[in-house]
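Structure file my_file.json (JSON, C-alpha atoms) follows.
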[["chain", "number", "residue", "atom", "x", "y", "z"],
["M", 4, "MET", "CA", 278.42, 139.58, 114.72],
["M", 5, "ILE", "CA", 278.67, 140.45, 111.04],
["M", 6, "LYS", "CA", 275.78, 138.84, 109.19],
["M", 7, "LYS", "CA", 276.41, 136.60, 106.21],
["M", 8, "ILE", "CA", 274.77, 137.15, 102.83],
["M", 9, "SER", "CA", 271.59, 135.11, 103.15],
["M", 10, "GLY", "CA", 270.33, 135.46, 99.60],
["M", 11, "THR", "CA", 270.84, 136.91, 96.17],
["M", 12, "TRP", "CA", 269.01, 138.40, 93.27],
["M", 13, "PHE", "CA", 268.98, 136.13, 90.22],
["M", 14, "GLU", "CA", 268.61, 136.91, 86.53],
["M", 15, "PHE", "CA", 268.42, 134.77, 83.43],
["M", 16, "GLU", "CA", 269.92, 137.80, 81.68],
["M", 17, "HIS", "CA", 270.72, 141.31, 82.84],
["M", 18, "HIS", "CA", 268.10, 143.81, 81.70],
["M", 19, "ASN", "CA", 270.69, 146.50, 80.87],
["M", 20, "SER", "CA", 272.84, 145.07, 78.07],
["M", 21, "ILE", "CA", 275.70, 147.51, 78.66],
["M", 22, "GLU", "CA", 275.92, 146.61, 82.35],
["M", 23, "GLY", "CA", 275.63, 142.90, 81.55],
["M", 24, "LYS", "CA", 278.30, 142.95, 78.85],
["M", 25, "TYR", "CA", 280.56, 140.40, 80.53],
["M", 26, "TYR", "CA", 277.96, 137.81, 81.49],
["M", 27, "ASN", "CA", 274.76, 138.07, 79.45],
["M", 28, "GLN", "CA", 276.04, 135.90, 76.61],
["M", 29, "ASP", "CA", 277.22, 133.28, 79.08],
["M", 30, "LEU", "CA", 273.77, 133.14, 80.65],
["M", 31, "LEU", "CA", 272.01, 132.90, 77.30],
["M", 32, "ASN", "CA", 274.17, 129.89, 76.44],
["M", 33, "PHE", "CA", 273.96, 128.08, 79.79],
["M", 34, "THR", "CA", 272.81, 124.48, 79.63],
["M", 35, "GLU", "CA", 270.32, 123.17, 82.15],
["M", 36, "GLN", "CA", 273.17, 121.52, 84.03],
["M", 37, "GLN", "CA", 275.07, 124.79, 84.24],
["M", 38, "TRP", "CA", 272.04, 126.55, 85.70],
["M", 39, "ARG", "CA", 271.74, 123.78, 88.28],
["M", 40, "GLU", "CA", 275.43, 124.09, 89.10],
["M", 41, "LYS", "CA", 275.05, 127.84, 89.58],
["M", 42, "ILE", "CA", 272.23, 127.29, 92.06],
["M", 43, "ASN", "CA", 274.42, 124.73, 93.84],
["M", 44, "GLU", "CA", 277.19, 127.34, 94.13],
["M", 45, "ILE", "CA", 274.73, 129.74, 95.76],
["M", 46, "ALA", "CA", 273.59, 127.06, 98.18],
["M", 47, "ASP", "CA", 277.19, 126.09, 98.98],
["M", 48, "LEU", "CA", 277.75, 129.69, 100.16],
["M", 49, "GLN", "CA", 274.96, 129.13, 102.72],
["M", 50, "MET", "CA", 272.45, 131.37, 100.95],
["M", 51, "GLU", "CA", 268.83, 130.66, 101.79],
["M", 52, "TYR", "CA", 266.95, 132.93, 99.37],
["M", 53, "ILE", "CA", 266.93, 133.58, 95.63],
["M", 54, "VAL", "CA", 265.02, 136.59, 94.29],
["M", 55, "LEU", "CA", 264.21, 136.25, 90.59],
["M", 56, "LEU", "CA", 264.34, 139.76, 89.17],
["M", 57, "ALA", "CA", 262.12, 139.09, 86.14],
["M", 58, "THR", "CA", 259.86, 136.33, 84.87],
["M", 59, "SER", "CA", 259.78, 138.07, 81.50],
["M", 60, "LEU", "CA", 261.93, 140.70, 79.83],
["M", 61, "ASP", "CA", 261.57, 142.73, 76.64],
["M", 62, "ASN", "CA", 258.41, 140.86, 75.59],
["M", 63, "GLU", "CA", 259.87, 137.39, 76.10],
["M", 64, "ALA", "CA", 258.90, 135.00, 78.90],
["M", 65, "TYR", "CA", 261.08, 132.58, 80.85],
["M", 66, "PHE", "CA", 258.27, 130.03, 81.08],
["M", 67, "PRO", "CA", 255.48, 128.71, 78.82],
["M", 68, "SER", "CA", 253.04, 131.60, 78.66],
["M", 69, "GLU", "CA", 250.21, 132.98, 76.57],
["M", 70, "VAL", "CA", 251.34, 136.51, 77.42],
["M", 71, "TYR", "CA", 254.73, 136.49, 75.63],
["M", 72, "PRO", "CA", 256.68, 134.02, 73.48],
["M", 73, "ARG", "CA", 259.49, 132.04, 75.11],
["M", 74, "SER", "CA", 262.95, 133.59, 75.42],
["M", 75, "LYS", "CA", 265.80, 132.47, 73.17],
["M", 76, "HIS", "CA", 267.91, 130.90, 75.89],
["M", 77, "GLN", "CA", 269.54, 127.55, 75.21],
["M", 78, "THR", "CA", 267.67, 126.20, 78.24],
["M", 79, "PRO", "CA", 263.92, 126.61, 77.55],
["M", 80, "ASN", "CA", 262.43, 125.68, 80.95],
["M", 81, "LEU", "CA", 264.34, 128.23, 83.00],
["M", 82, "ILE", "CA", 261.97, 128.85, 85.90],
["M", 83, "GLU", "CA", 261.21, 125.16, 86.30],
["M", 84, "VAL", "CA", 264.94, 124.38, 86.50],
["M", 85, "LEU", "CA", 265.46, 127.17, 89.05],
["M", 86, "LEU", "CA", 262.63, 126.01, 91.31],
["M", 87, "ASP", "CA", 263.47, 122.32, 90.97],
["M", 88, "GLN", "CA", 267.14, 122.75, 91.89],
["M", 89, "ALA", "CA", 266.29, 125.25, 94.61],
["M", 90, "SER", "CA", 263.90, 122.67, 96.10],
["M", 91, "LYS", "CA", 266.69, 120.10, 96.15],
["M", 92, "ARG", "CA", 268.99, 122.55, 97.95],
["M", 93, "LYS", "CA", 266.33, 123.90, 100.35],
["M", 94, "ILE", "CA", 266.46, 127.45, 98.95],
["M", 95, "LYS", "CA", 263.43, 129.73, 99.12],
["M", 96, "VAL", "CA", 262.60, 131.50, 95.84],
["M", 97, "PHE", "CA", 260.73, 134.75, 95.29],
["M", 98, "LEU", "CA", 259.25, 134.83, 91.78],
["M", 99, "SER", "CA", 259.03, 138.23, 90.11],
["M", 100, "VAL", "CA", 255.74, 139.71, 88.96],
["M", 101, "GLY", "CA", 257.51, 141.63, 86.15],
["M", 102, "PHE", "CA", 258.28, 142.83, 83.64],
["M", 103, "TYR", "CA", 255.05, 142.86, 81.63],
["M", 104, "GLY", "CA", 255.71, 146.31, 80.29],
["M", 105, "ASN", "CA", 258.87, 148.25, 79.47],
["M", 106, "TRP", "CA", 261.26, 147.83, 82.42],
["M", 107, "ARG", "CA", 262.69, 151.26, 81.58],
["M", 108, "ASP", "CA", 259.34, 152.87, 82.45],
["M", 109, "PRO", "CA", 258.43, 151.63, 85.94],
["M", 110, "TYR", "CA", 255.87, 154.38, 86.56],
["M", 111, "ARG", "CA", 253.82, 153.28, 83.56],
["M", 112, "ASN", "CA", 254.19, 149.64, 84.57],
["M", 113, "MET", "CA", 252.72, 150.49, 87.95],
["M", 114, "THR", "CA", 249.81, 152.58, 86.65],
["M", 115, "ASP", "CA", 248.88, 151.24, 83.19],
["M", 116, "PRO", "CA", 245.82, 148.93, 83.41],
["M", 117, "GLU", "CA", 246.99, 146.98, 80.35],
["M", 118, "VAL", "CA", 250.31, 146.15, 82.01],
["M", 119, "THR", "CA", 248.47, 145.10, 85.16],
["M", 120, "LYS", "CA", 246.17, 142.87, 83.11],
["M", 121, "LEU", "CA", 249.12, 141.12, 81.45],
["M", 122, "ALA", "CA", 250.98, 140.78, 84.74],
["M", 123, "PHE", "CA", 248.00, 139.29, 86.56],
["M", 124, "LYS", "CA", 247.48, 136.77, 83.75],
["M", 125, "ALA", "CA", 251.17, 135.80, 83.92],
["M", 126, "ILE", "CA", 251.04, 135.55, 87.72],
["M", 127, "ARG", "CA", 248.19, 133.07, 87.51],
["M", 128, "GLU", "CA", 250.08, 131.07, 84.87],
["M", 129, "LEU", "CA", 253.17, 131.01, 87.08],
["M", 130, "TYR", "CA", 251.19, 129.94, 90.11],
["M", 131, "GLU", "CA", 249.39, 127.14, 88.26],
["M", 132, "LEU", "CA", 252.65, 125.86, 86.80],
["M", 133, "TYR", "CA", 254.94, 126.11, 89.81],
["M", 134, "SER", "CA", 252.96, 126.11, 93.07],
["M", 135, "CYS", "CA", 253.85, 122.42, 93.40],
["M", 136, "PHE", "CA", 257.50, 123.29, 94.14],
["M", 137, "ASP", "CA", 258.52, 123.53, 97.79],
["M", 138, "SER", "CA", 261.02, 126.26, 96.91],
["M", 139, "PHE", "CA", 258.31, 128.65, 95.67],
["M", 140, "TYR", "CA", 258.29, 130.87, 98.75],
["M", 141, "GLY", "CA", 256.89, 134.20, 97.62],
["M", 142, "TRP", "CA", 256.65, 137.05, 95.15],
["M", 143, "TYR", "CA", 258.93, 139.97, 94.36],
["M", 144, "LEU", "CA", 257.59, 143.27, 92.99],
["M", 145, "PRO", "CA", 260.38, 144.67, 90.79],
["M", 146, "ASP", "CA", 259.00, 148.02, 89.60],
["M", 147, "GLU", "CA", 260.24, 150.89, 91.74],
["M", 148, "THR", "CA", 260.16, 154.63, 92.16],
["M", 149, "GLU", "CA", 262.68, 156.45, 94.31],
["M", 150, "VAL", "CA", 261.84, 156.94, 97.99],
["M", 151, "ASN", "CA", 262.36, 160.71, 98.14],
["M", 152, "PRO", "CA", 261.83, 161.26, 101.03],
["M", 153, "TYR", "CA", 258.70, 159.05, 101.19],
["M", 154, "PHE", "CA", 257.22, 156.25, 99.12],
["M", 155, "ASP", "CA", 255.51, 157.64, 96.02],
["M", 156, "SER", "CA", 251.71, 157.34, 96.15],
["M", 157, "ALA", "CA", 251.67, 155.50, 92.80],
["M", 158, "PHE", "CA", 254.14, 152.98, 94.22],
["M", 159, "MET", "CA", 252.02, 152.48, 97.32],
["M", 160, "GLN", "CA", 248.94, 151.86, 95.19],
["M", 161, "TYR", "CA", 250.84, 149.48, 92.90],
["M", 162, "VAL", "CA", 252.19, 147.43, 95.79],
["M", 163, "ASN", "CA", 248.87, 147.12, 97.56],
["M", 164, "LYS", "CA", 246.94, 146.39, 94.36],
["M", 165, "TYR", "CA", 249.29, 143.54, 93.51],
["M", 166, "ALA", "CA", 249.38, 142.36, 97.13],
["M", 167, "GLN", "CA", 245.60, 142.05, 97.19],
["M", 168, "TYR", "CA", 245.65, 139.91, 94.06],
["M", 169, "LEU", "CA", 248.60, 137.80, 95.19],
["M", 170, "ARG", "CA", 247.25, 137.16, 98.67],
["M", 171, "LYS", "CA", 243.86, 136.18, 97.27],
["M", 172, "LEU", "CA", 245.64, 133.72, 94.99],
["M", 173, "ASP", "CA", 247.63, 132.23, 97.88],
["M", 174, "ALA", "CA", 247.83, 133.88, 101.30],
["M", 175, "THR", "CA", 250.80, 131.73, 102.34],
["M", 176, "LYS", "CA", 253.23, 133.32, 99.84],
["M", 177, "LYS", "CA", 255.46, 136.10, 101.18],
["M", 178, "LEU", "CA", 255.85, 139.49, 99.46],
["M", 179, "LEU", "CA", 259.15, 141.35, 98.99],
["M", 180, "ILE", "CA", 260.05, 144.81, 97.71],
["M", 181, "ALA", "CA", 263.52, 146.38, 97.42],
["M", 182, "PRO", "CA", 263.25, 150.16, 97.06],
["M", 183, "TYR", "CA", 266.02, 152.60, 96.21],
["M", 184, "GLY", "CA", 266.57, 156.13, 97.47],
["M", 185, "THR", "CA", 267.63, 154.84, 100.89],
["M", 186, "ARG", "CA", 269.85, 157.81, 101.68],
["M", 187, "LYS", "CA", 266.94, 160.21, 101.05],
["M", 188, "ILE", "CA", 264.37, 158.55, 103.30],
["M", 189, "LYS", "CA", 262.92, 160.72, 106.05],
["M", 190, "THR", "CA", 262.03, 158.27, 108.80],
["M", 191, "ASP", "CA", 259.42, 160.41, 110.54],
["M", 192, "ALA", "CA", 255.83, 159.72, 111.60],
["M", 193, "PHE", "CA", 254.53, 159.99, 108.03],
["M", 194, "PHE", "CA", 257.00, 157.36, 106.84],
["M", 195, "VAL", "CA", 256.04, 155.09, 109.73],
["M", 196, "GLU", "CA", 252.38, 155.38, 108.65],
["M", 197, "GLN", "CA", 253.39, 154.44, 105.12],
["M", 198, "LEU", "CA", 255.10, 151.32, 106.43],
["M", 199, "LYS", "CA", 251.93, 150.39, 108.30],
["M", 200, "ASN", "CA", 249.96, 150.72, 105.07],
["M", 201, "LEU", "CA", 252.28, 148.71, 102.81],
["M", 202, "SER", "CA", 250.94, 145.19, 102.41],
["M", 203, "VAL", "CA", 254.30, 143.41, 102.17],
["M", 204, "ASP", "CA", 256.26, 141.08, 104.42],
["M", 205, "TYR", "CA", 259.83, 142.19, 103.73],
["M", 206, "ILE", "CA", 261.48, 145.41, 102.58],
["M", 207, "ALA", "CA", 265.11, 145.05, 101.46],
["M", 208, "TYR", "CA", 266.42, 148.58, 101.05],
["M", 209, "GLN", "CA", 269.23, 149.04, 98.52],
["M", 210, "ASP", "CA", 272.42, 150.30, 100.17],
["M", 211, "GLU", "CA", 273.37, 152.07, 96.88],
["M", 212, "VAL", "CA", 277.10, 151.64, 97.43],
["M", 213, "GLY", "CA", 277.63, 149.96, 94.05],
["M", 214, "VAL", "CA", 275.84, 152.75, 92.20],
["M", 215, "ARG", "CA", 278.02, 155.28, 94.06],
["M", 216, "LYS", "CA", 275.19, 157.16, 95.71],
["M", 217, "SER", "CA", 276.28, 156.13, 99.21],
["M", 218, "THR", "CA", 279.54, 155.27, 100.93],
["M", 219, "THR", "CA", 280.28, 152.46, 103.34],
["M", 220, "LYS", "CA", 281.00, 155.04, 106.05],
["M", 221, "GLU", "CA", 277.48, 156.48, 106.05],
["M", 222, "ILE", "CA", 275.09, 153.59, 105.42],
["M", 223, "SER", "CA", 274.92, 152.50, 109.07],
["M", 224, "LYS", "CA", 272.98, 155.65, 109.99],
["M", 225, "PHE", "CA", 270.46, 155.02, 107.20],
["M", 226, "TYR", "CA", 269.69, 151.53, 108.49],
["M", 227, "ALA", "CA", 269.70, 152.64, 112.11],
["M", 228, "ASN", "CA", 266.97, 155.15, 111.26],
["M", 229, "LEU", "CA", 265.06, 152.53, 109.30],
["M", 230, "ARG", "CA", 265.30, 150.12, 112.22],
["M", 231, "ARG", "CA", 263.59, 152.63, 114.51],
["M", 232, "ALA", "CA", 260.89, 153.34, 111.92],
["M", 233, "HIS", "CA", 260.17, 149.66, 111.30],
["M", 234, "ASP", "CA", 260.02, 148.97, 115.02],
["M", 235, "GLN", "CA", 257.52, 151.80, 115.45],
["M", 236, "ALA", "CA", 255.44, 150.47, 112.57],
["M", 237, "ASN", "CA", 255.66, 146.93, 113.93],
["M", 238, "GLY", "CA", 256.63, 145.63, 110.47],
["M", 239, "PRO", "CA", 257.29, 144.83, 107.67],
["M", 240, "ALA", "CA", 260.55, 143.01, 108.39],
["M", 241, "LEU", "CA", 263.65, 145.11, 107.67],
["M", 242, "TRP", "CA", 266.14, 143.55, 105.26],
["M", 243, "ALA", "CA", 269.13, 144.99, 103.40],
["M", 244, "ASP", "CA", 270.06, 144.73, 99.75],
["M", 245, "ILE", "CA", 273.81, 145.27, 99.52],
["M", 246, "GLU", "CA", 275.38, 145.82, 96.10],
["M", 247, "LEU", "CA", 278.30, 143.54, 95.21],
["M", 248, "PHE", "CA", 279.23, 145.38, 92.04],
["M", 249, "THR", "CA", 281.12, 148.38, 90.86],
["M", 250, "PHE", "CA", 281.14, 149.90, 87.37],
["M", 251, "GLU", "CA", 284.00, 149.52, 84.94],
["M", 252, "GLY", "CA", 283.55, 153.17, 83.97],
["M", 253, "LYS", "CA", 280.69, 155.62, 84.31],
["M", 254, "THR", "CA", 277.80, 154.69, 86.58],
["M", 255, "TYR", "CA", 274.90, 153.13, 84.64],
["M", 256, "GLU", "CA", 276.86, 153.54, 81.37],
["M", 257, "SER", "CA", 279.48, 150.81, 81.63],
["M", 258, "PRO", "CA", 279.72, 147.08, 82.48],
["M", 259, "LEU", "CA", 279.33, 145.75, 85.99],
["M", 260, "LEU", "CA", 282.37, 144.26, 87.70],
["M", 261, "SER", "CA", 282.82, 142.56, 91.06],
["M", 262, "GLY", "CA", 283.44, 144.89, 93.98],
["M", 263, "GLU", "CA", 286.42, 144.44, 96.26],
["M", 264, "PHE", "CA", 285.92, 141.99, 99.12],
["M", 265, "SER", "CA", 287.11, 144.54, 101.70],
["M", 266, "ARG", "CA", 284.42, 146.99, 100.59],
["M", 267, "ILE", "CA", 281.70, 144.34, 100.68],
["M", 268, "MET", "CA", 282.76, 143.25, 104.17],
["M", 269, "GLU", "CA", 282.44, 146.84, 105.31],
["M", 270, "GLN", "CA", 278.93, 146.98, 103.82],
["M", 271, "LEU", "CA", 277.99, 143.86, 105.76],
["M", 272, "LYS", "CA", 279.53, 145.23, 108.94],
["M", 273, "GLN", "CA", 277.61, 148.51, 108.69],
["M", 274, "VAL", "CA", 274.13, 147.04, 108.05],
["M", 275, "SER", "CA", 274.35, 143.93, 110.28],
["M", 276, "PRO", "CA", 273.33, 145.51, 113.60],
["M", 277, "PHE", "CA", 270.10, 146.87, 112.20],
["M", 278, "VAL", "CA", 268.60, 144.40, 109.71],
["M", 279, "ASP", "CA", 267.08, 140.95, 110.03],
["M", 280, "VAL", "CA", 268.45, 139.54, 106.78],
["M", 281, "VAL", "CA", 271.05, 140.63, 104.23],
["M", 282, "LEU", "CA", 270.43, 139.99, 100.53],
["M", 283, "ALA", "CA", 272.87, 140.91, 97.79],
["M", 284, "TYR", "CA", 272.70, 142.06, 94.22],
["M", 285, "GLN", "CA", 273.96, 139.74, 92.90],
["M", 286, "TYR", "CA", 275.77, 136.42, 92.71],
["M", 287, "LEU", "CA", 275.36, 135.82, 88.97],
["M", 288, "GLY", "CA", 278.04, 137.51, 86.90],
["M", 289, "LEU", "CA", 279.91, 138.80, 89.97],
["M", 290, "MET", "CA", 280.88, 135.63, 91.84],
["M", 291, "ASN", "CA", 282.22, 132.44, 90.28],
["M", 292, "SER", "CA", 283.64, 129.29, 91.79],
["M", 293, "ALA", "CA", 287.03, 128.60, 90.20],
["M", 294, "GLU", "CA", 286.18, 124.90, 90.31],
["M", 295, "GLY", "CA", 282.86, 125.27, 88.53],
["M", 296, "ARG", "CA", 281.89, 124.70, 84.92],
["M", 297, "ALA", "CA", 279.23, 127.41, 84.91],
["M", 298, "LEU", "CA", 281.31, 130.53, 84.59],
["M", 299, "ALA", "CA", 279.44, 133.77, 83.92],
["M", 300, "GLY", "CA", 281.15, 137.13, 83.68],
["M", 301, "GLU", "CA", 284.67, 138.45, 84.06],
["M", 302, "ARG", "CA", 286.70, 135.62, 85.54],
["M", 303, "ILE", "CA", 289.55, 137.00, 87.67],
["M", 304, "LEU", "CA", 287.68, 139.46, 89.91],
["M", 305, "SER", "CA", 284.60, 137.25, 90.28],
["M", 306, "GLN", "CA", 286.62, 134.19, 91.26],
["M", 307, "LYS", "CA", 288.62, 136.21, 93.77],
["M", 308, "LEU", "CA", 285.44, 137.58, 95.35],
["M", 309, "TYR", "CA", 284.05, 134.05, 95.61],
["M", 310, "GLN", "CA", 287.26, 132.71, 97.17],
["M", 311, "ASP", "CA", 287.58, 135.57, 99.64],
["M", 312, "TYR", "CA", 283.96, 135.35, 100.73],
["M", 313, "ALA", "CA", 284.02, 131.53, 101.00],
["M", 314, "LYS", "CA", 287.16, 131.77, 103.16],
["M", 315, "TRP", "CA", 285.48, 134.33, 105.43],
["M", 316, "LEU", "CA", 282.38, 132.14, 105.77],
["M", 317, "LYS", "CA", 284.53, 129.21, 106.83],
["M", 318, "GLU", "CA", 286.40, 131.32, 109.39],
["M", 319, "ARG", "CA", 283.10, 132.69, 110.68],
["M", 320, "LYS", "CA", 281.76, 129.17, 111.17],
["M", 321, "ASN", "CA", 284.90, 128.11, 113.03],
["M", 322, "GLU", "CA", 284.54, 131.10, 115.35],
["M", 323, "ASP", "CA", 280.95, 130.10, 116.12],
["M", 324, "GLU", "CA", 282.08, 126.60, 117.04]]

Show the structure stored in the file as structure tokens.
Amino acid sequence: MIKKISGTWFEFEHHNSIEGKYYNQDLLNFTEQQWREKINEIADLQMEYIVLLATSLDNEAYFPSEVYPRSKHQTPNLIEVLLDQASKRKIKVFLSVGFYGNWRDPYRNMTDPEVTKLAFKAIRELYELYSCFDSFYGWYLPDETEVNPYFDSAFMQYVNKYAQYLRKLDATKKLLIAPYGTRKIKTDAFFVEQLKNLSVDYIAYQDEVGVRKSTTKEISKFYANLRRAHDQANGPALWADIELFTFEGKTYESPLLSGEFSRIMEQLKQVSPFVDVVLAYQYLGLMNSAEGRALAGERILSQKLYQDYAKWLKERKNEDE
């Protein structure tokens, strides 16, 4: 059976202003009620996970912090609203541990002791503020280097350094990473050893269809190879991160738009046999309920994608029954 989308990345604003042209201003102006409505829309599509991409961006925090001043959003208590509404809708939230350096320079973020110091201080603030919420399920490590054809040693060190700190803080919280470079991975014995030595619970590999590095026809073999490697390593759990977007023009140099439903269904079809869970990047800005009052992004394509996917979910449920 084709797996549903079980979760989505979530941003209070898109880090690349060109890509977020059609929805960043909407998100900046959202009221608290609109944020709650957006989370309700996600829950109504049977999604179980939300992955917050950033808890701070460009030296502004989305929560009361001594590390950075608060962001200029109309809604000041963004993370609290997210976790509170997610708790009400039984959604599990991964809170990001970034970006406490320049998001454009992930290698420095991973290796600079000053960035680590700021991040660890913010992590403790986040935990003290929000560990009371049932929805606070785990942590997401957003800084990445390409897997080409193996995980970079600096990335491995970064992940395990943060994992040690996070697990000492609270061993019950799950850890998620979502690497790119999926088409370049060499799933041999060395890669299997790397998997054994990564202290995370879930790895959601990017399918890279939206960024035009991969096609829907070839991604099944990538995830089939990853399935064998993860089984040999006996963990971490293998998840997929499918991309819902396309670019209006040049890749990385133009706004994001909603991908066609037929393409996204093919992505789901290709990864479903091999992964435990499918996440998507991302609901915000790319899917909108036509009945909602929390519209973010280009309207026509995003509403069509929502309607087509909601219809498929309903048909899928009827088939199960």

Around the point (247.0, 148.2, 91.9), in the coordinates given by the file, pick out the residues reaching within 8 Å, counting all atoms listed in the file, and return them as a compact mmCIF listing (two decimals) with C-alpha atoms, keeping the file's coordinate frame.
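Saved as selection09.txt:
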# COMPACT_ATOMS: atom_id res chain seq x y z
CA MET M 113 252.72 150.49 87.95
CA THR M 114 249.81 152.58 86.65
CA THR M 119 248.47 145.10 85.16
CA GLN M 160 248.94 151.86 95.19
CA TYR M 161 250.84 149.48 92.90
CA VAL M 162 252.19 147.43 95.79
CA ASN M 163 248.87 147.12 97.56
CA LYS M 164 246.94 146.39 94.36
CA TYR M 165 249.29 143.54 93.51

Edge lengths and centre, in Å to one decimal, as lines of an AutoDock Vina configuration file: that's what I need for the box along x, y and z that holds all listed atoms of range 265-278 of chain M plus 6 Å on each side.
center_x = 277.9
center_y = 145.9
center_z = 107.1
size_x = 30.5
size_y = 17.3
size_z = 25.0

Give the answer as one residue: which of M:Gln49, M:Ser68, M:Ser217, M:Asn151 has the shortest atom-to-atom distance to Thr190 in chain M, using all atoms listed in the file?
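Selected residue with least distance to Thr190 in chain M: M:Asn151.
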
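For the pair CA of Asp244 in chain M and CA of Glu294 in chain M, the separation is 27.2 Å.
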
Range 261-272 of chain M surroundings by only C-alpha atoms, 7 Å radius, close-in-sequence under 4 positions cut, as a PDB file with C-alpha atoms, in the coordinates of the input:
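Output below, filename around.pdb:
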ATOM      1  CA  ILE M   5     278.670 140.450 111.040  1.00  0.00           C
ATOM      2  CA  LYS M   6     275.780 138.840 109.190  1.00  0.00           C
ATOM      3  CA  THR M 219     280.280 152.460 103.340  1.00  0.00           C
ATOM      4  CA  ILE M 245     273.810 145.270  99.520  1.00  0.00           C
ATOM      5  CA  LEU M 247     278.300 143.540  95.210  1.00  0.00           C
ATOM      6  CA  PHE M 248     279.230 145.380  92.040  1.00  0.00           C
ATOM      7  CA  THR M 249     281.120 148.380  90.860  1.00  0.00           C
ATOM      8  CA  LEU M 289     279.910 138.800  89.970  1.00  0.00           C
ATOM      9  CA  LEU M 304     287.680 139.460  89.910  1.00  0.00           C
ATOM     10  CA  SER M 305     284.600 137.250  90.280  1.00  0.00           C
ATOM     11  CA  LEU M 308     285.440 137.580  95.350  1.00  0.00           C
ATOM     12  CA  ASP M 311     287.580 135.570  99.640  1.00  0.00           C
TER      13      ASP M 311
END

Looking at only C-alpha atoms, which of M:Gly10, M:Gly295, M:Gly104, M:Pro72 is the one that sits closest to Gln37 in chain M?
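Closest to Gln37 in chain M of all the choices is M:Gly295.
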
Nearest to Glu44 in chain M among M:Ala89, M:Ala166, M:Ala240, M:Met4, with distances taken over only C-alpha atoms: which residue is it?
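That would be M:Ala89, the residue with the smallest distance to Glu44 in chain M.
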
Neighbouring residues of range 76-79 of chain M were defined as those with any atom within 12 Å, considering all atoms listed in the file; residues of the same chain fewer than 2 positions away were excluded. Please report them as a list in words.
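Returned residues: Phe15, Glu16, Asn27, Gln28, Asp29, Leu30, Leu31, Asn32, Phe33, Thr34, Glu35, Gln36, Gln37, Trp38, Arg39, Glu63, Ala64, Tyr65, Phe66, Pro67, Pro72, Arg73, Ser74, Leu81, Ile82, Glu83, Val84 and Leu85 of chain M.
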
Restricted to C-alpha atoms, what would the selected residues look like written as a short mmCIF file (atom, residue, chain, number, x, y, z; two decimals), keeping the file's coordinate frame?
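Writing done, so here's result38.cif:
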data_model
loop_
_atom_site.label_atom_id
_atom_site.label_comp_id
_atom_site.auth_asym_id
_atom_site.auth_seq_id
_atom_site.Cartn_x
_atom_site.Cartn_y
_atom_site.Cartn_z
CA PHE M 15 268.42 134.77 83.43
CA GLU M 16 269.92 137.80 81.68
CA ASN M 27 274.76 138.07 79.45
CA GLN M 28 276.04 135.90 76.61
CA ASP M 29 277.22 133.28 79.08
CA LEU M 30 273.77 133.14 80.65
CA LEU M 31 272.01 132.90 77.30
CA ASN M 32 274.17 129.89 76.44
CA PHE M 33 273.96 128.08 79.79
CA THR M 34 272.81 124.48 79.63
CA GLU M 35 270.32 123.17 82.15
CA GLN M 36 273.17 121.52 84.03
CA GLN M 37 275.07 124.79 84.24
CA TRP M 38 272.04 126.55 85.70
CA ARG M 39 271.74 123.78 88.28
CA GLU M 63 259.87 137.39 76.10
CA ALA M 64 258.90 135.00 78.90
CA TYR M 65 261.08 132.58 80.85
CA PHE M 66 258.27 130.03 81.08
CA PRO M 67 255.48 128.71 78.82
CA PRO M 72 256.68 134.02 73.48
CA ARG M 73 259.49 132.04 75.11
CA SER M 74 262.95 133.59 75.42
CA LEU M 81 264.34 128.23 83.00
CA ILE M 82 261.97 128.85 85.90
CA GLU M 83 261.21 125.16 86.30
CA VAL M 84 264.94 124.38 86.50
CA LEU M 85 265.46 127.17 89.05
#

What is the distance between CA of Met50 in chain M and CA of Tyr286 in chain M, in Å to one decimal?
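A separation of 10.2 Å between them.
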
Find the distance between CA of Ile188 in chain M and CA of Pro239 in chain M and write it in Å to one decimal.
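Going from CA of Ile188 in chain M over to CA of Pro239 in chain M, I get 16.0 Å.
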
Could you give me, as a ChimeraX atom specification, the residues within 10 Å of Glu221 in chain M, counting all atoms listed in the file and dropping anything in the same chain fewer than 2 positions from it?
/M:186,210,212,217-219,223-226,270,273

Residues within 7 Å of (280.9, 138.6, 83.9), file coordinates, counting all atoms listed in the file: what are they? Give the list as a list of chain:residue names.
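Final list of nearby residues, as requested, is M:Tyr25, M:Tyr26, M:Leu260, M:Gly288, M:Leu289, M:Ala299, M:Gly300, M:Glu301, M:Arg302.
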
Looking at M:Ile94, M:Ala243, M:Val100, M:Ala125, which one is nearest to Tyr183 in chain M, with distances taken over all atoms listed in the file?
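For Tyr183 in chain M, the nearest of the given residues is M:Ala243.
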